[in-house]
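**Q** Sharing final.cif here; it has mmCIF, C-alpha atoms.
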data_start
loop_
_atom_site.label_atom_id
_atom_site.label_comp_id
_atom_site.auth_asym_id
_atom_site.auth_seq_id
_atom_site.Cartn_x
_atom_site.Cartn_y
_atom_site.Cartn_z
CA MET A 242 220.88 78.77 30.77
CA SER A 243 220.00 81.10 33.53
CA SER A 244 216.47 81.82 34.62
CA THR A 245 215.29 85.09 35.98
CA PRO A 246 213.73 84.72 39.37
CA PRO A 247 210.12 85.86 39.50
CA ALA A 248 209.65 89.38 40.68
CA LYS A 249 208.46 89.64 44.22
CA ALA A 250 205.29 91.45 44.94
CA PRO A 251 205.92 94.73 46.68
CA SER A 252 205.62 94.30 50.40
CA PRO A 253 202.90 96.25 52.05
CA GLY A 254 203.83 99.23 54.11
CA PRO A 255 204.15 98.97 57.85
CA ARG A 256 200.84 98.35 59.54
CA SER A 257 199.67 100.41 62.44
CA ALA A 258 200.21 98.90 65.82
CA LEU A 259 196.46 99.05 66.30
CA GLY A 260 195.83 97.32 62.97
CA ARG A 261 193.08 98.31 60.59
CA ILE A 262 190.00 99.78 62.26
CA PRO A 263 187.00 97.67 61.20
CA LYS A 264 184.07 99.45 59.59
CA VAL A 265 180.91 99.35 61.69
CA PRO A 266 177.88 98.22 59.61
CA PHE A 267 175.07 100.73 59.36
CA TRP A 268 172.58 98.46 61.13
CA ALA A 269 175.03 98.16 64.03
CA GLN A 270 175.39 101.95 64.13
CA ILE A 271 171.61 102.31 64.41
CA LEU A 272 171.40 99.64 67.11
CA LEU A 273 174.18 101.36 69.03
CA GLY A 274 172.33 104.66 68.72
CA LEU A 275 169.12 103.12 70.08
CA VAL A 276 170.91 101.54 73.06
CA LEU A 277 172.93 104.66 73.90
CA GLY A 278 169.83 106.81 73.50
CA ALA A 279 167.87 104.66 75.96
CA LEU A 280 170.73 104.73 78.47
CA LEU A 281 171.31 108.47 78.18
CA GLY A 282 167.57 109.17 78.38
CA TRP A 283 167.33 107.08 81.54
CA ALA A 284 170.37 108.86 83.01
CA ALA A 285 168.92 112.29 82.16
CA ARG A 286 165.60 111.40 83.77
CA SER A 287 166.90 109.68 86.90
CA GLY A 288 169.65 112.22 87.52
CA ASP A 289 167.65 115.25 86.36
CA ILE A 290 170.59 116.33 84.16
CA GLY A 291 169.35 119.45 82.42
CA TRP A 292 172.03 119.84 79.77
CA LEU A 293 171.72 116.18 78.74
CA GLN A 294 167.94 116.50 78.47
CA THR A 295 168.29 119.53 76.21
CA THR A 296 171.02 117.92 74.09
CA LEU A 297 168.99 114.76 73.41
CA ASP A 298 165.92 116.84 72.57
CA LYS A 299 167.82 119.07 70.13
CA ILE A 300 169.59 116.16 68.41
CA GLY A 301 166.27 114.43 67.74
CA ASP A 302 164.58 117.66 66.63
CA ILE A 303 167.35 118.58 64.20
CA PHE A 304 167.29 115.12 62.61
CA VAL A 305 163.52 115.27 62.10
CA GLN A 306 163.73 118.85 60.80
CA LEU A 307 166.34 117.83 58.23
CA LEU A 308 164.02 115.08 57.01
CA MET A 309 161.07 117.46 56.84
CA VAL A 310 163.00 120.03 54.81
CA VAL A 311 163.64 117.50 52.05
CA ILE A 312 160.26 115.74 52.10
CA ALA A 313 158.03 118.32 50.39
CA PRO A 314 160.10 118.84 47.21
CA LEU A 315 161.08 115.15 47.21
CA VAL A 316 157.44 114.04 47.12
CA PHE A 317 156.56 116.51 44.36
CA PHE A 318 159.38 115.60 42.00
CA ALA A 319 159.25 111.87 42.81
CA ILE A 320 155.53 111.65 41.96
CA LEU A 321 155.92 113.83 38.86
CA VAL A 322 158.83 111.79 37.51
CA SER A 323 157.19 108.49 38.48
CA ILE A 324 154.07 109.28 36.44
CA THR A 325 156.10 110.29 33.41
CA ASN A 326 158.14 107.09 33.75
CA LEU A 327 154.98 105.08 33.07
CA ARG A 328 155.32 106.09 29.43
CA ASN A 329 158.23 103.64 29.25
CA VAL A 330 156.19 100.77 30.69
CA SER A 331 154.03 98.60 28.49
CA ASN A 332 150.49 98.15 29.80
CA ALA A 333 151.01 100.95 32.35
CA ALA A 334 147.29 101.29 33.16
CA ARG A 335 147.07 97.59 34.00
CA LEU A 336 150.13 97.81 36.27
CA ALA A 337 148.75 100.85 38.07
CA THR A 338 145.38 99.16 38.60
CA ARG A 339 146.96 95.94 39.86
CA THR A 340 149.18 97.93 42.22
CA LEU A 341 146.22 99.78 43.74
CA LEU A 342 144.27 96.51 44.03
CA TRP A 343 147.07 94.79 45.95
CA PHE A 344 147.47 97.84 48.16
CA MET A 345 143.83 97.42 49.14
CA ILE A 346 144.06 93.62 49.56
CA THR A 347 147.05 93.79 51.90
CA SER A 348 145.49 96.69 53.83
CA LEU A 349 142.34 94.60 54.37
CA ILE A 350 144.42 91.69 55.64
CA ALA A 351 146.36 93.97 57.98
CA VAL A 352 143.28 95.66 59.46
CA SER A 353 141.65 92.25 59.98
CA ILE A 354 144.69 91.14 61.97
CA GLY A 355 144.59 94.35 64.00
CA LEU A 356 140.91 93.86 64.83
CA ALA A 357 141.45 90.23 65.79
CA ILE A 358 144.31 91.08 68.13
CA GLY A 359 142.37 93.95 69.71
CA LEU A 360 139.30 91.78 70.34
CA LEU A 361 141.40 88.99 71.85
CA THR A 362 143.50 91.14 74.20
CA ASP A 363 141.22 94.05 75.27
CA PRO A 364 144.05 96.63 75.22
CA GLY A 365 142.00 99.36 76.92
CA SER A 366 140.85 97.30 79.90
CA GLY A 367 142.56 97.71 83.25
CA THR A 368 144.78 100.62 82.20
CA GLY A 369 143.47 102.99 84.87
CA LEU A 370 143.21 105.70 82.20
CA THR A 371 140.19 108.01 82.09
CA ALA A 372 138.88 110.79 79.86
CA ALA A 373 140.72 113.31 82.05
CA ASP A 374 144.04 111.81 80.93
CA GLY A 375 143.34 112.62 77.29
CA GLY A 376 142.82 115.76 75.29
CA ASP A 377 141.64 116.84 71.87
CA PRO A 378 144.35 116.48 69.20
CA LYS A 379 145.68 119.53 67.39
CA LYS A 380 145.06 117.89 64.02
CA LYS A 381 141.80 116.17 63.21
CA GLY A 382 140.64 114.24 60.17
CA SER A 383 137.16 114.05 58.68
CA TRP A 384 135.86 112.74 55.40
CA LEU A 385 134.87 116.24 54.30
CA ASP A 386 138.31 117.62 55.14
CA PHE A 387 139.93 114.62 53.47
CA ILE A 388 138.01 115.11 50.20
CA THR A 389 138.11 118.90 50.04
CA GLY A 390 141.67 119.03 51.36
CA ILE A 391 143.10 117.21 48.36
CA VAL A 392 142.89 120.31 46.12
CA PRO A 393 145.15 123.16 47.30
CA THR A 394 144.08 126.79 47.38
CA ASP A 395 147.49 127.91 46.12
CA VAL A 396 150.78 126.33 45.07
CA ILE A 397 152.88 127.61 48.00
CA THR A 398 150.94 126.67 51.15
CA PRO A 399 151.13 122.87 50.68
CA PHE A 400 154.93 123.12 50.73
CA THR A 401 155.16 125.52 53.68
CA GLN A 402 152.61 123.56 55.76
CA LEU A 403 153.82 120.17 54.49
CA ASN A 404 150.41 119.01 53.25
CA VAL A 405 151.65 115.92 51.46
CA LEU A 406 148.26 114.96 50.05
CA GLN A 407 147.98 118.29 48.23
CA ILE A 408 151.58 118.02 47.06
CA VAL A 409 150.79 114.59 45.60
CA PHE A 410 147.75 116.05 43.82
CA MET A 411 149.76 118.87 42.24
CA ALA A 412 152.56 116.50 41.24
CA ALA A 413 150.11 114.08 39.64
CA VAL A 414 148.48 116.89 37.66
CA ALA A 415 151.90 118.19 36.57
CA GLY A 416 153.03 114.69 35.57
CA VAL A 417 149.97 114.05 33.44
CA ALA A 418 150.35 117.50 31.86
CA VAL A 419 153.99 116.74 30.96
CA LEU A 420 152.87 113.53 29.26
CA GLN A 421 150.15 115.37 27.33
CA VAL A 422 152.43 118.21 26.18
CA GLY A 423 155.04 115.72 24.95
CA ALA A 424 158.35 116.85 23.45
CA LYS A 425 157.90 120.51 24.34
CA ALA A 426 157.89 119.57 28.04
CA LYS A 427 161.11 117.55 27.82
CA PRO A 428 163.30 120.37 29.24
CA LEU A 429 161.02 120.54 32.29
CA LEU A 430 161.15 116.76 32.67
CA ASP A 431 164.94 116.73 32.40
CA LEU A 432 165.12 119.45 35.05
CA SER A 433 162.73 117.50 37.31
CA GLU A 434 164.84 114.35 37.01
CA SER A 435 168.00 116.31 37.85
CA VAL A 436 166.36 117.97 40.87
CA LEU A 437 165.09 114.59 42.07
CA GLU A 438 168.60 113.13 41.93
CA LEU A 439 169.90 116.17 43.79
CA LEU A 440 167.26 115.76 46.51
CA GLN A 441 168.04 112.07 46.83
CA LYS A 442 171.70 112.88 47.33
CA VAL A 443 170.87 115.43 50.04
CA LEU A 444 168.51 112.96 51.69
CA TRP A 445 171.27 110.37 51.69
CA TRP A 446 173.44 112.72 53.74
CA VAL A 447 170.56 113.04 56.21
CA ILE A 448 170.09 109.28 56.28
CA ARG A 449 173.70 108.80 57.29
CA LEU A 450 172.83 110.77 60.43
CA ALA A 451 170.13 108.24 61.38
CA PRO A 452 172.21 106.57 64.15
CA LEU A 453 172.73 109.96 65.80
CA GLY A 454 169.11 110.91 65.20
CA SER A 455 167.87 107.67 66.75
CA LEU A 456 170.03 108.36 69.80
CA GLY A 457 168.36 111.73 70.29
CA LEU A 458 164.80 110.60 69.55
CA VAL A 459 164.88 107.53 71.79
CA GLY A 460 166.76 109.36 74.53
CA HIS A 461 164.21 112.19 74.52
CA ALA A 462 161.28 109.73 74.63
CA ILE A 463 162.74 107.82 77.59
CA HIS A 464 163.58 111.03 79.44
CA LYS A 465 160.16 112.60 78.87
CA TYR A 466 157.94 109.61 79.56
CA GLY A 467 160.09 107.12 81.46
CA TRP A 468 159.58 103.37 81.63
CA ASP A 469 156.44 103.73 83.79
CA LEU A 470 154.49 104.92 80.78
CA ILE A 471 154.92 101.60 79.00
CA GLY A 472 153.33 99.85 81.98
CA LYS A 473 149.98 101.62 81.46
CA TYR A 474 150.06 100.94 77.75
CA ALA A 475 151.74 97.53 77.94
CA THR A 476 148.95 95.55 76.26
CA PHE A 477 148.36 98.23 73.62
CA THR A 478 152.07 98.50 72.79
CA ALA A 479 152.48 94.73 72.65
CA ASP A 480 149.40 94.47 70.40
CA ILE A 481 150.86 96.94 67.89
CA TYR A 482 154.22 95.19 67.81
CA VAL A 483 152.67 91.72 67.55
CA GLY A 484 150.26 92.83 64.83
CA CYS A 485 153.01 94.46 62.79
CA ALA A 486 155.28 91.45 63.32
CA ILE A 487 152.56 89.10 62.02
CA VAL A 488 152.08 91.20 58.90
CA LEU A 489 155.81 91.72 58.40
CA PHE A 490 157.06 88.19 59.08
CA VAL A 491 154.02 86.02 58.31
CA VAL A 492 151.61 87.70 55.87
CA TYR A 493 154.19 89.23 53.56
CA PRO A 494 156.33 86.06 53.35
CA LEU A 495 153.21 83.97 52.63
CA LEU A 496 152.15 86.33 49.84
CA LEU A 497 155.65 86.31 48.38
CA ALA A 498 155.84 82.51 48.52
CA THR A 499 152.33 81.71 47.26
CA VAL A 500 151.36 84.63 45.02
CA ALA A 501 154.71 85.92 43.75
CA LYS A 502 156.30 82.45 44.04
CA VAL A 503 159.65 83.78 45.25
CA ASN A 504 161.81 83.03 48.28
CA PRO A 505 160.72 85.33 51.16
CA LEU A 506 164.18 85.14 52.75
CA GLN A 507 165.64 86.84 49.69
CA PHE A 508 163.15 89.67 50.16
CA PHE A 509 164.35 90.39 53.69
CA LYS A 510 167.96 90.09 52.58
CA GLY A 511 167.45 92.79 49.96
CA ALA A 512 164.85 95.02 51.61
CA TRP A 513 166.24 95.11 55.15
CA PRO A 514 168.14 98.43 54.68
CA ALA A 515 164.86 100.21 53.92
CA ILE A 516 162.97 98.44 56.72
CA GLN A 517 165.56 99.34 59.35
CA LEU A 518 165.71 102.95 58.15
CA GLY A 519 161.93 103.19 58.33
CA PHE A 520 162.08 101.92 61.91
CA VAL A 521 164.51 104.67 62.92
CA SER A 522 163.29 107.60 60.81
CA ARG A 523 159.56 106.94 61.37
CA SER A 524 158.92 108.41 57.92
CA SER A 525 157.83 106.41 54.88
CA VAL A 526 158.47 109.36 52.60
CA GLY A 527 161.89 109.96 54.12
CA THR A 528 162.75 106.32 53.46
CA MET A 529 161.31 106.37 49.94
CA PRO A 530 164.57 106.63 47.91
CA VAL A 531 166.07 103.70 49.80
CA THR A 532 162.85 101.69 49.41
CA GLN A 533 162.93 102.38 45.70
CA LYS A 534 166.56 101.32 45.40
CA VAL A 535 166.15 98.04 47.29
CA THR A 536 163.01 97.22 45.28
CA GLU A 537 164.99 97.69 42.07
CA ARG A 538 167.74 95.45 43.45
CA LEU A 539 165.08 92.79 44.07
CA GLY A 540 164.38 92.61 40.34
CA VAL A 541 161.44 94.99 39.86
CA PRO A 542 161.91 97.06 36.66
CA LYS A 543 163.13 100.57 37.39
CA GLU A 544 160.38 102.23 35.35
CA TYR A 545 157.66 100.46 37.34
CA THR A 546 159.45 100.89 40.68
CA ALA A 547 159.73 104.63 40.03
CA PHE A 548 155.93 104.73 39.99
CA ALA A 549 154.90 102.10 42.54
CA VAL A 550 157.19 103.06 45.43
CA PRO A 551 156.51 106.85 45.48
CA PHE A 552 152.81 106.07 45.09
CA GLY A 553 153.01 103.56 47.93
CA SER A 554 155.03 105.88 50.18
CA THR A 555 152.07 108.27 50.33
CA THR A 556 149.15 105.80 50.27
CA LYS A 557 150.35 102.33 51.36
CA MET A 558 150.32 102.24 55.18
CA ASP A 559 149.61 98.77 56.60
CA GLY A 560 151.14 99.76 59.93
CA CYS A 561 149.87 103.33 60.40
CA ALA A 562 146.55 103.08 58.56
CA SER A 563 145.44 99.48 59.17
CA ILE A 564 146.88 97.75 62.25
CA TYR A 565 147.21 100.88 64.39
CA PRO A 566 143.74 102.47 63.94
CA ALA A 567 142.07 99.06 64.37
CA ILE A 568 143.71 98.37 67.74
CA ALA A 569 143.62 102.03 68.80
CA SER A 570 139.87 102.28 68.12
CA ILE A 571 139.20 99.27 70.34
CA PHE A 572 141.51 100.75 72.99
CA VAL A 573 139.70 104.11 72.99
CA ALA A 574 136.26 102.47 73.01
CA GLN A 575 137.18 100.37 76.05
CA VAL A 576 138.72 103.28 77.97
CA PHE A 577 135.59 105.40 77.41
CA ASP A 578 133.29 102.41 77.92
CA VAL A 579 131.68 102.64 74.47
CA PRO A 580 130.50 99.27 73.11
CA LEU A 581 131.38 98.48 69.49
CA GLU A 582 129.18 96.41 67.19
CA LEU A 583 129.81 94.50 63.99
CA ARG A 584 128.91 97.60 61.97
CA ASP A 585 131.66 99.54 63.74
CA TYR A 586 134.30 96.93 62.96
CA LEU A 587 133.26 96.98 59.30
CA LEU A 588 133.59 100.78 59.34
CA ILE A 589 137.11 100.49 60.76
CA ALA A 590 138.05 98.15 57.91
CA PHE A 591 136.46 100.50 55.35
CA VAL A 592 138.28 103.57 56.66
CA SER A 593 141.59 101.70 56.76
CA VAL A 594 141.34 100.49 53.17
CA ILE A 595 139.91 103.65 51.60
CA GLY A 596 141.30 106.44 53.77
CA SER A 597 144.93 105.38 54.17
CA ALA A 598 146.09 108.26 51.97
CA ALA A 599 145.21 110.55 54.89
CA THR A 600 148.41 109.42 56.65
CA ALA A 601 150.41 110.87 53.74
CA GLY A 602 153.64 109.11 54.65
CA LEU A 603 154.57 111.44 57.48
CA THR A 604 155.79 110.68 60.97
CA GLY A 605 152.84 109.59 63.07
CA ALA A 606 149.26 108.51 62.24
CA THR A 607 147.20 110.98 64.28
CA VAL A 608 145.13 112.24 61.34
CA MET A 609 144.23 108.69 60.31
CA LEU A 610 143.19 107.80 63.85
CA THR A 611 141.02 110.91 64.19
CA LEU A 612 139.41 110.05 60.84
CA THR A 613 138.58 106.58 62.17
CA LEU A 614 137.32 107.79 65.55
CA SER A 615 135.14 110.49 63.99
CA THR A 616 133.61 107.90 61.64
CA LEU A 617 132.79 105.68 64.62
CA GLY A 618 131.61 108.58 66.77
CA LEU A 619 134.24 107.90 69.47
CA PRO A 620 135.65 110.73 71.65
CA MET A 621 138.54 112.61 70.09
CA ALA A 622 140.12 112.86 73.54
CA GLY A 623 141.12 109.24 73.00
CA VAL A 624 143.78 110.42 70.58
CA GLY A 625 145.37 112.43 73.38
CA LEU A 626 145.68 109.26 75.42
CA LEU A 627 147.84 107.69 72.73
CA LEU A 628 150.09 110.62 71.86
CA ALA A 629 152.53 109.84 74.67
CA ILE A 630 153.16 106.29 73.48
CA ASP A 631 153.12 107.24 69.77
CA PRO A 632 156.92 107.54 69.25
CA ILE A 633 157.44 104.02 70.60
CA VAL A 634 154.81 102.30 68.44
CA ASP A 635 155.46 104.50 65.40
CA MET A 636 158.82 102.86 64.77
CA VAL A 637 157.39 99.40 64.09
CA ARG A 638 154.40 100.88 62.24
CA THR A 639 156.64 102.67 59.77
CA ALA A 640 158.89 99.63 59.29
CA THR A 641 155.77 97.65 58.35
CA ASN A 642 154.66 100.40 55.97
CA VAL A 643 158.01 100.39 54.20
CA ALA A 644 158.08 96.61 53.83
CA GLY A 645 154.63 96.63 52.26
CA GLN A 646 155.65 99.37 49.85
CA SER A 647 158.29 96.99 48.49
CA VAL A 648 156.31 93.73 48.73
CA VAL A 649 153.42 94.86 46.52
CA PRO A 650 155.57 95.89 43.51
CA ILE A 651 157.33 92.52 43.74
CA ILE A 652 153.99 90.67 43.75
CA VAL A 653 152.64 92.68 40.82
CA ALA A 654 155.88 92.41 38.83
CA SER A 655 155.95 88.65 39.37
CA ARG A 656 152.34 88.13 38.32
CA GLU A 657 152.88 90.33 35.26
CA LYS A 658 156.05 88.36 34.45
CA ILE A 659 158.33 91.40 34.47
CA LEU A 660 160.23 90.48 37.62
CA ASP A 661 163.93 89.76 37.10
CA ARG A 662 164.09 86.52 39.07
CA THR A 663 167.83 86.20 38.61
CA ALA A 664 168.36 89.57 40.31
CA TYR A 665 165.90 88.61 43.04
CA ASP A 666 167.47 85.23 43.73
CA ASN A 667 170.97 86.70 43.84
CA VAL A 668 170.32 89.94 45.70
CA SER A 669 173.11 90.87 48.08
CA ALA A 670 172.66 91.33 51.80
CA SER A 671 174.57 94.60 51.83
CA GLY A 672 173.07 97.32 53.94
CA LEU A 673 173.37 101.07 53.88
CA ASP A 674 177.14 100.98 54.08
CA ARG A 675 177.45 102.73 50.76
CA ASP A 676 175.39 105.24 48.84
CA GLU A 677 172.29 103.15 48.15
CA VAL A 678 170.23 106.05 46.90
CA ALA A 679 172.78 107.46 44.49
CA PRO A 680 171.87 107.04 40.81
CA GLN A 681 173.42 103.89 39.39
CA PRO A 682 174.34 103.18 35.74
CA ALA A 683 171.70 101.13 33.96
CA ALA A 684 174.20 98.39 33.07
CA VAL A 685 175.16 97.71 36.66
CA THR A 686 173.54 94.68 38.26
CA THR A 687 173.78 93.64 41.89
CA ALA A 688 175.31 90.26 42.54
#
Translate this structure into structure tokens?

**A**
Amino acid sequence: MSSTPPAKAPSPGPRSALGRIPKVPFWAQILLGLVLGALLGWAARSGDIGWLQTTLDKIGDIFVQLLMVVIAPLVFFAILVSITNLRNVSNAARLATRTLLWFMITSLIAVSIGLAIGLLTDPGSGTGLTAADGGDPKKKGSWLDFITGIVPTDVITPFTQLNVLQIVFMAAVAGVAVLQVGAKAKPLLDLSESVLELLQKVLWWVIRLAPLGSLGLVGHAIHKYGWDLIGKYATFTADIYVGCAIVLFVVYPLLLATVAKVNPLQFFKGAWPAIQLGFVSRSSVGTMPVTQKVTERLGVPKEYTAFAVPFGSTTKMDGCASIYPAIASIFVAQVFDVPLELRDYLLIAFVSVIGSAATAGLTGATVMLTLTLSTLGLPMAGVGLLLAIDPIVDMVRTATNVAGQSVVPIIVASREKILDRTAYDNVSASGLDRDEVAPQPAAVTTA
């Protein structure tokens, strides 16, 4: 009795002499871009290399412009669709109220930390800066402008001038109208959902350019300002980074562990792609689709995430609207030798909690700072003092914003018992090495 020998598996084809080229993780690409940008910026400044200066400037500008092109329609359709998605969520009004409440609670904690750090370190003392070093900002914020500026005068200008607050207003009105009209508005809703997916796909292509964009942005900042700038603002810069680090790595983990009763390490494992992208892009709105995706992967229901994250991306700013204006106000007051009293510190906290929507999820927090300074009666020229250092501190501010925009939905979902704890506990540590913002089938779960 003869036996047939088992068939041999086909041998693989000849391998290249160089072997298989390993894929570089996205986080490593971004880190490489930051390092190369710093080195090239230093080389351009020290060697006065004109073509390199121009190249770094243009690379950074083009990356930011690509983000800005997508942001206006993305905000409109994301808010519109997110409001209509609440129809699929039981007890939607309760969820929305709880979300807003936790936004305010975490903002109050963040601004308190910012005030404490500013009072302990005196960031404006000994800088050598004077009023002559500053200048009035191009954009200013006031309570009257903030209130009256919510309602647009027409439907075109908010998109051409990128007034995100007015875009949010129009999208909210349109979303509520779609819900009220009902079935007759379904074609418009279907179109909006399709356009939103299209915009997310386009934004993903822009996101993949983040390593190159970070190279240009950091290189331009180093070339323009040099390392000497950081010396004058050393205490202020350190205060912002320490304050954001405390909120990001102490406050949020404590809230997740004690209030949501989940493992904070799992949060960072799942949310890190959005946090790192926020650090590089310096735009909460630009990071929004990735923030939404990682929040879903962490077990928050898609219908609730589709509301909470877009809402948070335009109003939830613990870095830009809480920590930064608190420390910056103390800095400006000390530079201009204006004493602050308890009433002033309470006003800073009030503005940070109530007026955070003024930041509108865009790169930078100048409008929010001018709103705070005008409320306190501090010189607007103080904003000009901080514009030079803004790109450096804005990275960590935005990363903190993005983390908070994911933390709050997790807390609310956990307390409302709609959090998928199995998905949260088993979230993968994969980064942006594949299309994280592409629509995924409902049946797919992340291991």

**Q** Run the PyMOL selection byres ((chain A and resi 441) around 12) mentally over the shown coordinates, then write out the matched residues as a PDB file with C-alpha atoms, in the frame of the given file, using the chain letters and numbers from the document.

**A**
ATOM      1  CA  LEU A 308     164.020 115.080  57.010  1.00  0.00           C
ATOM      2  CA  VAL A 311     163.640 117.500  52.050  1.00  0.00           C
ATOM      3  CA  ILE A 312     160.260 115.740  52.100  1.00  0.00           C
ATOM      4  CA  PRO A 314     160.100 118.840  47.210  1.00  0.00           C
ATOM      5  CA  LEU A 315     161.080 115.150  47.210  1.00  0.00           C
ATOM      6  CA  VAL A 316     157.440 114.040  47.120  1.00  0.00           C
ATOM      7  CA  PHE A 318     159.380 115.600  42.000  1.00  0.00           C
ATOM      8  CA  ALA A 319     159.250 111.870  42.810  1.00  0.00           C
ATOM      9  CA  GLU A 434     164.840 114.350  37.010  1.00  0.00           C
ATOM     10  CA  SER A 435     168.000 116.310  37.850  1.00  0.00           C
ATOM     11  CA  VAL A 436     166.360 117.970  40.870  1.00  0.00           C
ATOM     12  CA  LEU A 437     165.090 114.590  42.070  1.00  0.00           C
ATOM     13  CA  GLU A 438     168.600 113.130  41.930  1.00  0.00           C
ATOM     14  CA  LEU A 439     169.900 116.170  43.790  1.00  0.00           C
ATOM     15  CA  LEU A 440     167.260 115.760  46.510  1.00  0.00           C
ATOM     16  CA  LYS A 442     171.700 112.880  47.330  1.00  0.00           C
ATOM     17  CA  VAL A 443     170.870 115.430  50.040  1.00  0.00           C
ATOM     18  CA  LEU A 444     168.510 112.960  51.690  1.00  0.00           C
ATOM     19  CA  TRP A 445     171.270 110.370  51.690  1.00  0.00           C
ATOM     20  CA  TRP A 446     173.440 112.720  53.740  1.00  0.00           C
ATOM     21  CA  VAL A 447     170.560 113.040  56.210  1.00  0.00           C
ATOM     22  CA  ILE A 448     170.090 109.280  56.280  1.00  0.00           C
ATOM     23  CA  VAL A 526     158.470 109.360  52.600  1.00  0.00           C
ATOM     24  CA  GLY A 527     161.890 109.960  54.120  1.00  0.00           C
ATOM     25  CA  THR A 528     162.750 106.320  53.460  1.00  0.00           C
ATOM     26  CA  MET A 529     161.310 106.370  49.940  1.00  0.00           C
ATOM     27  CA  PRO A 530     164.570 106.630  47.910  1.00  0.00           C
ATOM     28  CA  VAL A 531     166.070 103.700  49.800  1.00  0.00           C
ATOM     29  CA  THR A 532     162.850 101.690  49.410  1.00  0.00           C
ATOM     30  CA  GLN A 533     162.930 102.380  45.700  1.00  0.00           C
ATOM     31  CA  LYS A 534     166.560 101.320  45.400  1.00  0.00           C
ATOM     32  CA  ASP A 676     175.390 105.240  48.840  1.00  0.00           C
ATOM     33  CA  GLU A 677     172.290 103.150  48.150  1.00  0.00           C
ATOM     34  CA  VAL A 678     170.230 106.050  46.900  1.00  0.00           C
ATOM     35  CA  ALA A 679     172.780 107.460  44.490  1.00  0.00           C
ATOM     36  CA  PRO A 680     171.870 107.040  40.810  1.00  0.00           C
TER      37      PRO A 680
END

**Q** Given the file above and the PyMOL selection byres ((chain A and resi 474-481) around 10), which residues are selected, and can you give them as number ranges by chain?

**A** A: 355, 358-359, 361-370, 469-473, 482-487, 560-561, 564-569, 571-572, 626-627, 629-631, 633-635, 637-638

**Q** Run through the PyMOL selection byres ((chain A and resi 579-584) around 12) on the given coordinates and return the selected residues as an MDAnalysis selection string.

**A** chainID A and resid 356 359:360 365:366 567 570:578 585:591 614 616:620 623

**Q** Keeping C-alpha atoms for every residue in the selection just given, could you write it to a file as a compact mmCIF listing (two decimals), in the coordinates of the input?

**A**
# COMPACT_ATOMS: atom_id res chain seq x y z
CA LEU A 356 140.91 93.86 64.83
CA GLY A 359 142.37 93.95 69.71
CA LEU A 360 139.30 91.78 70.34
CA GLY A 365 142.00 99.36 76.92
CA SER A 366 140.85 97.30 79.90
CA ALA A 567 142.07 99.06 64.37
CA SER A 570 139.87 102.28 68.12
CA ILE A 571 139.20 99.27 70.34
CA PHE A 572 141.51 100.75 72.99
CA VAL A 573 139.70 104.11 72.99
CA ALA A 574 136.26 102.47 73.01
CA GLN A 575 137.18 100.37 76.05
CA VAL A 576 138.72 103.28 77.97
CA PHE A 577 135.59 105.40 77.41
CA ASP A 578 133.29 102.41 77.92
CA ASP A 585 131.66 99.54 63.74
CA TYR A 586 134.30 96.93 62.96
CA LEU A 587 133.26 96.98 59.30
CA LEU A 588 133.59 100.78 59.34
CA ILE A 589 137.11 100.49 60.76
CA ALA A 590 138.05 98.15 57.91
CA PHE A 591 136.46 100.50 55.35
CA LEU A 614 137.32 107.79 65.55
CA THR A 616 133.61 107.90 61.64
CA LEU A 617 132.79 105.68 64.62
CA GLY A 618 131.61 108.58 66.77
CA LEU A 619 134.24 107.90 69.47
CA PRO A 620 135.65 110.73 71.65
CA GLY A 623 141.12 109.24 73.00

**Q** What does the distance between atom CA of A:Ile324 and atom CA of A:Phe552 come to in Å, to one decimal place?

**A**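 A separation of 9.3 Å between them.
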
**Q** Please determine the residues with any atom at most 9 Å from (159.6, 97.7, 33.9) (coordinates as given in the file, with all atoms listed in the file counting) and report them as a list in words.

**A**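 Nearby residues: Leu327, Asn329, Val330, Ser331, Val541, Pro542, Lys543, Glu544, Tyr545, Thr546, Ala654, Ile659 and Leu660 of chain A.
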
**Q** One decimal, Å: what's the distance from atom CA of A:Ile320 over to atom CA of A:Ala501, could you say?

**A** 25.8 Å

**Q** Kindly give the distance, in Å, that separates atom CA of A:Val392 and atom CA of A:Val405, rounded to a single decimal.

**A**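 So the two atoms, atom CA of A:Val392 and atom CA of A:Val405, lie 11.2 Å apart.
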
**Q** If the box runs along x, y and z of the file and leaves 6 Å on each side of stretch 553-559 of chain A, what are its centre and edge lengths in Å, one decimal, as AutoDock Vina command-line options?

**A**
--center_x 152.1 --center_y 103.5 --center_z 52.3 --size_x 17.9 --size_y 21.5 --size_z 20.7

**Q** Taking 2 positions as the minimum chain separation for residues in the same chain, which residues sit within 8 Å of A:Gly645 when counting all atoms listed in the file? Answer as a ChimeraX atom specification.

**A** /A:489,493,557-559,641-643,647-649

**Q** Using only C-alpha atoms, what residues lie at most 6 Å away from (157.3, 119.6, 53.9) (file coordinates), given as a list in words?

**A**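 Checked against the point, the hits come out as Met309, Val310, Ile312, Ala313, Phe400 and Leu403 of chain A.
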
**Q** Using all atoms listed in the file, which of A:Gln270, A:Ser323, A:Ser524, A:Gln306 sits nearest A:Ala547?

**A** A:Ser323

**Q** Identify, on the basis of all atoms listed in the file, every residue whose closest approach to A:Gly460 does not exceed 7 Å; exclude the query and any residue fewer than 2 positions from it along the same chain; express the result as a ChimeraX atom specification.

**A** /A:278-279,281-282,297,456-458,462-464

**Q** Of the candidates A:Thr639, A:Asn332, A:Thr613, A:Thr556, which one gets nearest to A:Val521 if we count only C-alpha atoms?

**A**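 Checking each of A:Thr639, A:Asn332, A:Thr613, A:Thr556 against A:Val521, counting only C-alpha atoms, the winner is A:Thr639.
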